[in-house]
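Participant: File coords-v1.pdb follows (PDB, C-alpha atoms):
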ATOM      1  CA  MET A   1       0.000   0.000   0.000
ATOM      2  CA  SER A   2       1.476   3.371  -0.984
ATOM      3  CA  GLU A   3       2.006   6.017   1.723
ATOM      4  CA  ALA A   4      -0.273   8.484  -0.093
ATOM      5  CA  PHE A   5      -3.114   5.902  -0.294
ATOM      6  CA  ARG A   6      -2.702   5.020   3.402
ATOM      7  CA  CYS A   7      -2.883   8.715   4.414
ATOM      8  CA  ALA A   8      -6.016   9.258   2.284
ATOM      9  CA  ARG A   9      -7.728   6.203   3.791
ATOM     10  CA  ASN A  10      -6.996   7.366   7.326
ATOM     11  CA  ARG A  11      -7.643  11.076   6.797
ATOM     12  CA  LEU A  12     -10.224  11.160   9.581
ATOM     13  CA  ALA A  13      -7.741   9.761  12.086
ATOM     14  CA  PRO A  14      -4.704  11.563  13.488
ATOM     15  CA  ALA A  15      -2.107  11.371  10.731
ATOM     16  CA  PRO A  16       1.565  10.615  11.198
ATOM     17  CA  ALA A  17       4.007  13.391  10.516
ATOM     18  CA  SER A  18       5.065  11.596   7.332
ATOM     19  CA  CYS A  19       1.743  12.377   5.622
ATOM     20  CA  PRO A  20       2.398  15.338   3.293
ATOM     21  CA  ALA A  21      -1.259  16.427   3.244
ATOM     22  CA  GLN A  22      -1.329  16.824   7.029
ATOM     23  CA  ARG A  23       1.821  18.864   7.412
ATOM     24  CA  VAL A  24       1.328  22.582   8.360
ATOM     25  CA  PRO A  25       2.843  24.675   5.549
ATOM     26  CA  ARG A  26       5.870  26.639   6.695
ATOM     27  CA  ARG A  27       4.402  29.887   5.353
ATOM     28  CA  LEU A  28       1.214  29.384   7.409
ATOM     29  CA  ALA A  29       3.274  28.683  10.521
ATOM     30  CA  LEU A  30       5.208  31.893   9.929
ATOM     31  CA  LEU A  31       1.996  33.893   9.493
ATOM     32  CA  LEU A  32       0.588  32.440  12.713
ATOM     33  CA  ALA A  33       3.765  33.419  14.573
ATOM     34  CA  ILE A  34       3.641  36.971  13.182
ATOM     35  CA  SER A  35      -0.052  37.249  14.120
ATOM     36  CA  ALA A  36       0.659  36.098  17.678
ATOM     37  CA  ALA A  37       3.495  38.613  17.981
ATOM     38  CA  SER A  38       1.243  41.402  16.670
ATOM     39  CA  LEU A  39      -1.465  40.570  19.197
ATOM     40  CA  ALA A  40       1.101  40.609  22.000
ATOM     41  CA  ALA A  41       2.401  43.990  20.844
ATOM     42  CA  ALA A  42      -1.143  45.378  20.683
ATOM     43  CA  ALA A  43      -1.775  44.222  24.234
ATOM     44  CA  ALA A  44       1.380  45.925  25.533
ATOM     45  CA  PRO A  45       0.938  49.496  26.833
ATOM     46  CA  PRO A  46       2.393  52.381  24.801
ATOM     47  CA  ASP A  47       5.763  53.741  25.857
ATOM     48  CA  ALA A  48       5.897  56.442  28.537
ATOM     49  CA  ALA A  49       6.741  59.301  26.157
ATOM     50  CA  THR A  50       3.749  58.468  23.932
ATOM     51  CA  ILE A  51       1.384  58.333  26.914
ATOM     52  CA  LEU A  52       2.692  61.668  28.186
ATOM     53  CA  ARG A  53       2.410  63.311  24.767
ATOM     54  CA  LYS A  54      -1.205  62.197  24.371
ATOM     55  CA  ALA A  55      -2.057  63.319  27.929
ATOM     56  CA  ASP A  56      -0.524  66.718  27.123
ATOM     57  CA  ARG A  57      -3.170  67.194  24.427
ATOM     58  CA  ALA A  58      -6.134  65.633  26.252
ATOM     59  CA  VAL A  59      -7.557  68.918  27.600
ATOM     60  CA  LEU A  60      -6.194  71.505  25.156
ATOM     61  CA  GLY A  61      -4.935  70.516  21.735
ATOM     62  CA  GLU A  62      -2.000  71.835  19.744
ATOM     63  CA  SER A  63      -3.573  75.298  19.729
ATOM     64  CA  ALA A  64      -6.696  76.603  21.431
ATOM     65  CA  ALA A  65      -8.736  79.613  22.493
ATOM     66  CA  TYR A  66     -10.681  79.170  25.722
ATOM     67  CA  THR A  67     -12.429  80.758  28.683
ATOM     68  CA  LEU A  68     -12.227  79.501  32.243
ATOM     69  CA  ARG A  69     -13.196  80.281  35.813
ATOM     70  CA  MET A  70     -10.609  80.189  38.601
ATOM     71  CA  THR A  71     -11.793  79.732  42.187
ATOM     72  CA  VAL A  72      -9.272  80.144  45.016
ATOM     73  CA  VAL A  73     -10.281  78.533  48.328
ATOM     74  CA  ARG A  74      -8.591  79.479  51.604
ATOM     75  CA  PRO A  75      -9.785  78.158  55.005
ATOM     76  CA  GLY A  76     -11.752  80.802  56.894
ATOM     77  CA  LYS A  77     -11.878  83.225  53.944
ATOM     78  CA  PRO A  78     -14.442  83.965  51.214
ATOM     79  CA  GLU A  79     -13.779  82.224  47.919
ATOM     80  CA  ARG A  80     -12.042  84.372  45.315
ATOM     81  CA  VAL A  81     -13.462  83.904  41.818
ATOM     82  CA  VAL A  82     -11.993  85.311  38.606
ATOM     83  CA  GLU A  83     -12.810  84.641  34.973
ATOM     84  CA  LEU A  84     -10.201  84.526  32.249
ATOM     85  CA  LYS A  85      -9.747  84.207  28.525
ATOM     86  CA  GLY A  86      -6.753  82.329  27.150
ATOM     87  CA  TRP A  87      -4.935  81.309  24.002
ATOM     88  CA  LYS A  88      -2.188  78.781  23.352
ATOM     89  CA  LYS A  89      -0.151  78.008  20.267
ATOM     90  CA  GLY A  90       2.065  74.960  20.149
ATOM     91  CA  ASP A  91       4.514  74.230  22.959
ATOM     92  CA  GLU A  92       6.029  77.706  23.138
ATOM     93  CA  GLN A  93       3.313  80.357  23.376
ATOM     94  CA  GLY A  94       0.450  81.093  25.779
ATOM     95  CA  LEU A  95      -1.563  84.119  26.902
ATOM     96  CA  VAL A  96      -4.183  84.513  29.644
ATOM     97  CA  ARG A  97      -6.220  87.684  30.367
ATOM     98  CA  TYR A  98      -8.528  88.434  33.294
ATOM     99  CA  THR A  99     -12.034  89.382  32.190
ATOM    100  CA  ALA A 100     -13.742  89.560  35.616
ATOM    101  CA  PRO A 101     -14.108  90.954  38.238
ATOM    102  CA  ALA A 102     -13.960  94.503  36.922
ATOM    103  CA  LYS A 103     -11.154  95.587  39.262
ATOM    104  CA  GLU A 104      -8.841  92.932  37.802
ATOM    105  CA  ARG A 105      -9.962  93.103  34.179
ATOM    106  CA  GLY A 106      -7.025  93.504  31.806
ATOM    107  CA  THR A 107      -4.439  91.829  34.023
ATOM    108  CA  ALA A 108      -2.578  89.419  31.761
ATOM    109  CA  TYR A 109       0.098  86.741  31.818
ATOM    110  CA  LEU A 110       2.139  85.874  28.738
ATOM    111  CA  ARG A 111       4.436  82.911  28.094
ATOM    112  CA  ASN A 112       6.771  82.897  25.108
ATOM    113  CA  ALA A 113       9.404  80.138  24.993
ATOM    114  CA  ASP A 114      11.069  80.129  28.442
ATOM    115  CA  SER A 115       9.978  83.638  29.520
ATOM    116  CA  THR A 116       6.801  84.691  31.369
ATOM    117  CA  TRP A 117       5.537  88.275  31.725
ATOM    118  CA  LEU A 118       2.772  89.869  33.835
ATOM    119  CA  PHE A 119       0.902  93.012  32.794
ATOM    120  CA  LEU A 120      -0.670  95.091  35.583
ATOM    121  CA  PRO A 121      -3.091  97.676  34.116
ATOM    122  CA  SER A 122      -3.177  99.731  37.323
ATOM    123  CA  ALA A 123       0.590 100.234  37.154
ATOM    124  CA  GLU A 124       0.614 100.331  33.347
ATOM    125  CA  LYS A 125       3.725  98.193  33.168
ATOM    126  CA  VAL A 126       4.925  94.764  32.102
ATOM    127  CA  VAL A 127       7.138  92.819  34.493
ATOM    128  CA  ARG A 128       8.917  89.524  34.079
ATOM    129  CA  VAL A 129       7.856  86.770  36.516
ATOM    130  CA  GLY A 130       9.197  83.333  37.378
ATOM    131  CA  ALA A 131       7.703  80.029  36.294
ATOM    132  CA  LYS A 132       7.576  78.821  39.923
ATOM    133  CA  GLN A 133       5.571  81.807  41.226
ATOM    134  CA  ASN A 134       1.888  81.292  42.071
ATOM    135  CA  PHE A 135      -0.549  82.299  39.362
ATOM    136  CA  GLY A 136      -3.043  84.937  40.499
ATOM    137  CA  GLY A 137      -2.585  84.146  44.176
ATOM    138  CA  GLY A 138      -3.826  80.565  43.768
ATOM    139  CA  ASP A 139      -2.227  77.138  44.086
ATOM    140  CA  PHE A 140      -1.306  76.741  40.420
ATOM    141  CA  SER A 141       2.106  78.105  39.491
ATOM    142  CA  ASN A 142       2.755  80.051  36.317
ATOM    143  CA  ALA A 143       4.368  76.867  34.992
ATOM    144  CA  ASP A 144       1.169  74.906  35.704
ATOM    145  CA  ILE A 145      -1.000  77.404  33.843
ATOM    146  CA  PHE A 146       1.393  77.472  30.893
ATOM    147  CA  ARG A 147       2.226  73.775  31.068
ATOM    148  CA  LEU A 148       2.705  73.713  27.363
ATOM    149  CA  SER A 149       4.679  70.473  27.139
ATOM    150  CA  LEU A 150       5.469  67.972  29.866
ATOM    151  CA  VAL A 151       7.338  65.957  27.239
ATOM    152  CA  ARG A 152       9.715  68.865  26.742
ATOM    153  CA  ASP A 153      10.323  69.420  30.468
ATOM    154  CA  TYR A 154      10.392  65.877  31.873
ATOM    155  CA  ASP A 155      11.856  62.443  31.211
ATOM    156  CA  ALA A 156       9.055  59.901  31.638
ATOM    157  CA  THR A 157       9.155  56.309  32.863
ATOM    158  CA  LEU A 158       6.190  53.922  32.890
ATOM    159  CA  ALA A 159       6.083  52.704  36.507
ATOM    160  CA  GLY A 160       3.132  50.329  36.196
ATOM    161  CA  GLU A 161      -0.634  50.054  35.992
ATOM    162  CA  GLU A 162      -2.815  51.235  38.906
ATOM    163  CA  THR A 163      -6.332  52.307  39.776
ATOM    164  CA  ALA A 164      -6.640  56.015  40.601
ATOM    165  CA  GLU A 165      -9.910  57.778  41.427
ATOM    166  CA  GLY A 166     -11.762  54.656  40.274
ATOM    167  CA  GLN A 167     -10.058  54.623  36.843
ATOM    168  CA  ALA A 168      -7.579  52.095  35.427
ATOM    169  CA  CYS A 169      -4.417  54.121  34.795
ATOM    170  CA  HIS A 170      -0.867  54.119  33.584
ATOM    171  CA  ARG A 171       1.362  55.422  36.380
ATOM    172  CA  LEU A 172       4.167  57.610  35.068
ATOM    173  CA  GLU A 173       7.239  58.808  36.946
ATOM    174  CA  LEU A 174       8.418  62.159  35.565
ATOM    175  CA  LYS A 175      11.880  63.526  36.306
ATOM    176  CA  ALA A 176      12.726  67.155  35.518
ATOM    177  CA  LYS A 177      15.347  67.581  32.810
ATOM    178  CA  ASP A 178      16.979  70.503  34.647
ATOM    179  CA  ARG A 179      16.715  72.637  37.786
ATOM    180  CA  SER A 180      14.753  75.412  36.073
ATOM    181  CA  ILE A 181      11.634  73.193  35.923
ATOM    182  CA  ALA A 182       9.007  74.010  38.564
ATOM    183  CA  TYR A 183       8.987  70.524  40.146
ATOM    184  CA  ASP A 184      11.840  68.060  40.413
ATOM    185  CA  ARG A 185       9.589  65.004  40.224
ATOM    186  CA  VAL A 186       5.967  64.340  39.274
ATOM    187  CA  VAL A 187       3.951  61.140  39.690
ATOM    188  CA  TYR A 188       1.279  61.226  36.992
ATOM    189  CA  TRP A 189      -1.722  58.948  36.474
ATOM    190  CA  VAL A 190      -3.209  58.737  32.947
ATOM    191  CA  ARG A 191      -6.247  56.679  31.973
ATOM    192  CA  SER A 192      -5.348  53.427  30.215
ATOM    193  CA  ASP A 193      -8.683  53.033  28.383
ATOM    194  CA  GLY A 194      -7.353  54.657  25.217
ATOM    195  CA  THR A 195      -8.544  58.186  26.030
ATOM    196  CA  PHE A 196      -5.242  59.152  27.713
ATOM    197  CA  TYR A 197      -7.117  61.565  29.975
ATOM    198  CA  PRO A 198      -4.982  62.687  32.923
ATOM    199  CA  VAL A 199      -6.523  61.710  36.273
ATOM    200  CA  LYS A 200      -4.208  63.005  39.006
ATOM    201  CA  ALA A 201      -0.662  64.115  39.720
ATOM    202  CA  ASP A 202       1.572  64.563  42.764
ATOM    203  CA  TYR A 203       4.325  67.201  42.633
ATOM    204  CA  TYR A 204       7.579  66.897  44.591
ATOM    205  CA  THR A 205      10.563  69.104  45.428
ATOM    206  CA  LEU A 206      14.207  68.089  45.038
ATOM    207  CA  SER A 207      14.197  67.051  48.709
ATOM    208  CA  GLY A 208      11.229  64.731  48.102
ATOM    209  CA  LYS A 209       8.533  66.886  49.740
ATOM    210  CA  ASN A 210       5.027  66.607  48.265
ATOM    211  CA  LEU A 211       4.062  70.219  47.488
ATOM    212  CA  LYS A 212       0.755  69.784  45.659
ATOM    213  CA  SER A 213      -1.702  67.268  44.265
ATOM    214  CA  LEU A 214      -3.809  67.755  41.150
ATOM    215  CA  LEU A 215      -7.148  66.114  40.364
ATOM    216  CA  VAL A 216      -8.475  66.229  36.792
ATOM    217  CA  SER A 217     -12.202  65.532  36.500
ATOM    218  CA  GLN A 218     -15.601  66.503  35.058
ATOM    219  CA  VAL A 219     -15.234  64.728  31.718
ATOM    220  CA  LYS A 220     -17.864  66.019  29.299
ATOM    221  CA  PRO A 221     -18.345  67.286  25.727
ATOM    222  CA  LEU A 222     -16.870  70.745  25.269
ATOM    223  CA  GLY A 223     -15.821  72.465  22.065
ATOM    224  CA  GLY A 224     -16.691  69.587  19.783
ATOM    225  CA  ARG A 225     -15.109  66.708  21.683
ATOM    226  CA  THR A 226     -15.207  65.020  25.077
ATOM    227  CA  ARG A 227     -12.450  65.987  27.515
ATOM    228  CA  PRO A 228     -11.731  66.682  31.199
ATOM    229  CA  THR A 229     -12.880  70.222  32.053
ATOM    230  CA  LEU A 230     -12.060  70.682  35.760
ATOM    231  CA  LEU A 231      -8.582  70.870  37.298
ATOM    232  CA  THR A 232      -8.297  71.140  41.095
ATOM    233  CA  MET A 233      -4.920  71.794  42.704
ATOM    234  CA  HIS A 234      -4.651  70.942  46.416
ATOM    235  CA  SER A 235      -1.848  72.414  48.504
ATOM    236  CA  ARG A 236      -0.001  69.876  50.683
ATOM    237  CA  VAL A 237       1.741  72.695  52.550
ATOM    238  CA  ASP A 238      -1.329  74.750  53.563
ATOM    239  CA  GLU A 239      -3.940  72.119  54.377
ATOM    240  CA  GLY A 240      -7.397  73.011  53.101
ATOM    241  CA  SER A 241      -6.104  75.421  50.450
ATOM    242  CA  ARG A 242      -7.042  74.584  46.893
ATOM    243  CA  THR A 243      -7.684  76.204  43.527
ATOM    244  CA  ARG A 244     -10.140  75.095  40.831
ATOM    245  CA  LEU A 245      -9.784  75.823  37.121
ATOM    246  CA  GLU A 246     -12.978  75.095  35.204
ATOM    247  CA  PHE A 247     -12.993  75.409  31.426
ATOM    248  CA  LEU A 248     -16.190  77.098  30.222
ATOM    249  CA  THR A 249     -15.534  77.160  26.475
ATOM    250  CA  ILE A 250     -12.802  75.733  24.240
ATOM    251  CA  GLN A 251     -12.144  76.303  20.550
ATOM    252  CA  ASP A 252      -9.596  73.900  19.097
ATOM    253  CA  ASP A 253      -7.143  74.861  16.356
ATOM    254  CA  PRO A 254      -7.972  78.554  15.916
ATOM    255  CA  LYS A 255      -5.748  80.638  13.635
ATOM    256  CA  LEU A 256      -3.524  82.634  16.002
ATOM    257  CA  ASP A 257      -1.065  85.303  14.893
ATOM    258  CA  ASP A 258       2.351  85.185  16.559
ATOM    259  CA  ARG A 259       1.974  88.911  17.328
ATOM    260  CA  LEU A 260      -0.627  87.960  19.938
ATOM    261  CA  PHE A 261       2.190  86.483  22.024
ATOM    262  CA  ALA A 262       4.617  89.403  21.852
ATOM    263  CA  PRO A 263       5.247  91.234  25.169
ATOM    264  CA  GLY A 264       4.353  94.543  23.522
ATOM    265  CA  ALA A 265       0.826  93.266  22.827
ATOM    266  CA  LEU A 266       0.092  92.974  26.554
ATOM    267  CA  GLU A 267      -0.288  96.729  27.039
ATOM    268  CA  ARG A 268      -2.275  97.129  23.834
ATOM    269  CA  GLY A 269      -4.823  94.567  24.995
ATOM    270  CA  GLU A 270      -4.511  92.491  21.823
TER
END
Please re-express this file's structure in structure tokens.
Facilitator:
Amino acid sequence: MSEAFRCARNRLAPAPASCPAQRVPRRLALLLAISAASLAAAAAPPDAATILRKADRAVLGESAAYTLRMTVVRPGKPERVVELKGWKKGDEQGLVRYTAPAKERGTAYLRNADSTWLFLPSAEKVVRVGAKQNFGGGDFSNADIFRLSLVRDYDATLAGEETAEGQACHRLELKAKDRSIAYDRVVYWVRSDGTFYPVKADYYTLSGKNLKSLLVSQVKPLGGRTRPTLLTMHSRVDEGSRTRLEFLTIQDDPKLDDRLFAPGALERGE
């Protein structure tokens, strides 16, 4: 009996490896191996820099025009509420102007590259301010308000997967690239469900002291897409002190002239 005839007669039974018709083609085996490797790669989390870059753009995109309300809470004192209008362009330029209350209207902060300026209408002058100074007397620093690119300022490491504020998250460890950065170290939680929404962050000094904690919440449609709209910064130095930034409107990708971000434009109210 020929081998081919024997294999055909017993095709319903497990065939010996010598049966040519039952052998798995080498090309099919290779395709199966590639498919398995692709599935494993898809299941692996993105690298830390990619996660951080996507989180950078989760609230405000590459460029934006927006309005927001800032509420400063201090134990035993009335809440201080101001409204602002802001613009950002890329990772280098940002401008924020006070629109209310009336006594503070016109006050403006400008960030261009590594420099930040403050315009005080009552004094009719523009002064340079530091990135680490508090913005408007609240718990956000100037660097937090004009946090144009964490990727540019920090080296990121993926430290694991955790649950934060009830959300499955990537936990990132961020280390400042130099001493000029506002915080030496940041622990940053970013949702791992594909949205890359930031959830919370803890900010530390060079000595390891926890200065502040940020909560990012109130995810809802705004300006044509769904995004977090409320940022609350809690002081870990002055217990009970906190500042809320709530976005009221956002326009993504407006056409913004570079002249808007020139220091001379601050006094002209452009």
Participant: Would you mind listing what lies within 9 Å of Ala131 (chain A) as JSON, numbers by chain, with all atoms listed in the file counted and same-chain residues fewer than 3 positions away left out?
Facilitator: {"A": [114, 115, 116, 134, 141, 142, 143, 144, 146, 180, 181, 182]}
Participant: Pick out the residues sitting within 10 Å of Leu231 (chain A), and hand them over as a list in words; count all atoms listed in the file, and ignore anything fewer than 3 positions along from it in its own chain.
Facilitator: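 After dropping sequence-adjacent residues, the list is Val59, Met70, Phe140, Pro198, Val199, Lys200, Leu214, Leu215, Val216, Ser217, Gln218, Pro228, His234, Thr243, Arg244, Leu245, Glu246 and Phe247 of chain A.
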Participant: Could you expand the PyMOL selection byres ((chain A and resi 74) around 10) into the explicit residues it covers here, written as a ChimeraX atom specification?
Facilitator: /A:71-73,75-80,138,238-243
Participant: Between A:Ser149, A:Trp87, A:Tyr109, A:Thr232, which one has atoms that come closest to Gln133 (chain A), using all atoms listed in the file?
Facilitator: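 Smallest separation from Gln133 (chain A) among the options: A:Tyr109.
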Participant: What is the CA of Thr205 (chain A)-CA of Arg191 (chain A) distance in Å, reported with one decimal?
Facilitator: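 It comes out at 24.9 Å.
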Participant: In Å to one decimal, how far is CA of Arg128 (chain A) from CA of Ala113 (chain A)?
Facilitator: 13.1 Å
Participant: So the first atom is CA of Val237 (chain A) and the second is CA of Lys212 (chain A); what is the distance between them in Å, to one decimal place?
Facilitator: 7.5 Å
Participant: Write out as a PyMOL selection string which residues come within 12 Å of Ala265 (chain A) when counting all atoms listed in the file, dropping same-chain ones fewer than 2 positions away.
Facilitator: chain A and resi 95+97+106+108-110+117-119+125-126+257-263+267-270
Participant: Need to verify the contact set: region 153-157 of chain A, 12 Å, all atoms listed in the file, exclusion of same-chain residues closer than 5 positions in sequence. Can you return it as JSON, numbers by chain?
Facilitator: {"A": [46, 47, 48, 49, 50, 51, 52, 53, 56, 91, 92, 114, 143, 144, 147, 148, 170, 171, 172, 173, 174, 175, 176, 177, 178, 179, 180, 181, 182, 183, 184, 185, 186, 187, 188, 189]}
Participant: Return the single residue from A:Leu248, A:Ala100, A:Val81, A:Val151 that is closest to Thr67 (chain A), with distances computed using all atoms listed in the file.
Facilitator: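 Ranked by minimum distance to Thr67 (chain A), first place goes to A:Leu248.
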Participant: Could you list as a ChimeraX atom specification every residue that has an atom within 10 Å of (-7.6, 62.2, 26.1), using the file's coordinates and counting all atoms listed in the file?
Facilitator: /A:51,54-61,190-198,219,225-228
Participant: Tell me which of A:Leu211, A:Ala102, A:Leu266, A:Leu256 sits closest to Ser63 (chain A), counting all atoms listed in the file.
Facilitator: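 The answer is A:Leu256, which sits nearest to Ser63 (chain A).
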Participant: Point out the residue among A:Leu222, A:Leu120, A:Leu68, A:Ala159 with the least atom-to-atom distance to Thr99 (chain A), counting all atoms listed in the file.
Facilitator: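 Once distances to Thr99 (chain A) are computed over all atoms listed in the file, the minimum belongs to A:Leu68.
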Participant: Please determine, counting only C-alpha atoms, which residue among A:Lys88, A:Ser235, A:Thr229, A:Gly94 has the shortest atom-to-atom distance to Tyr204 (chain A).
Facilitator: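 Among A:Lys88, A:Ser235, A:Thr229, A:Gly94, it is A:Ser235 that comes nearest to Tyr204 (chain A).
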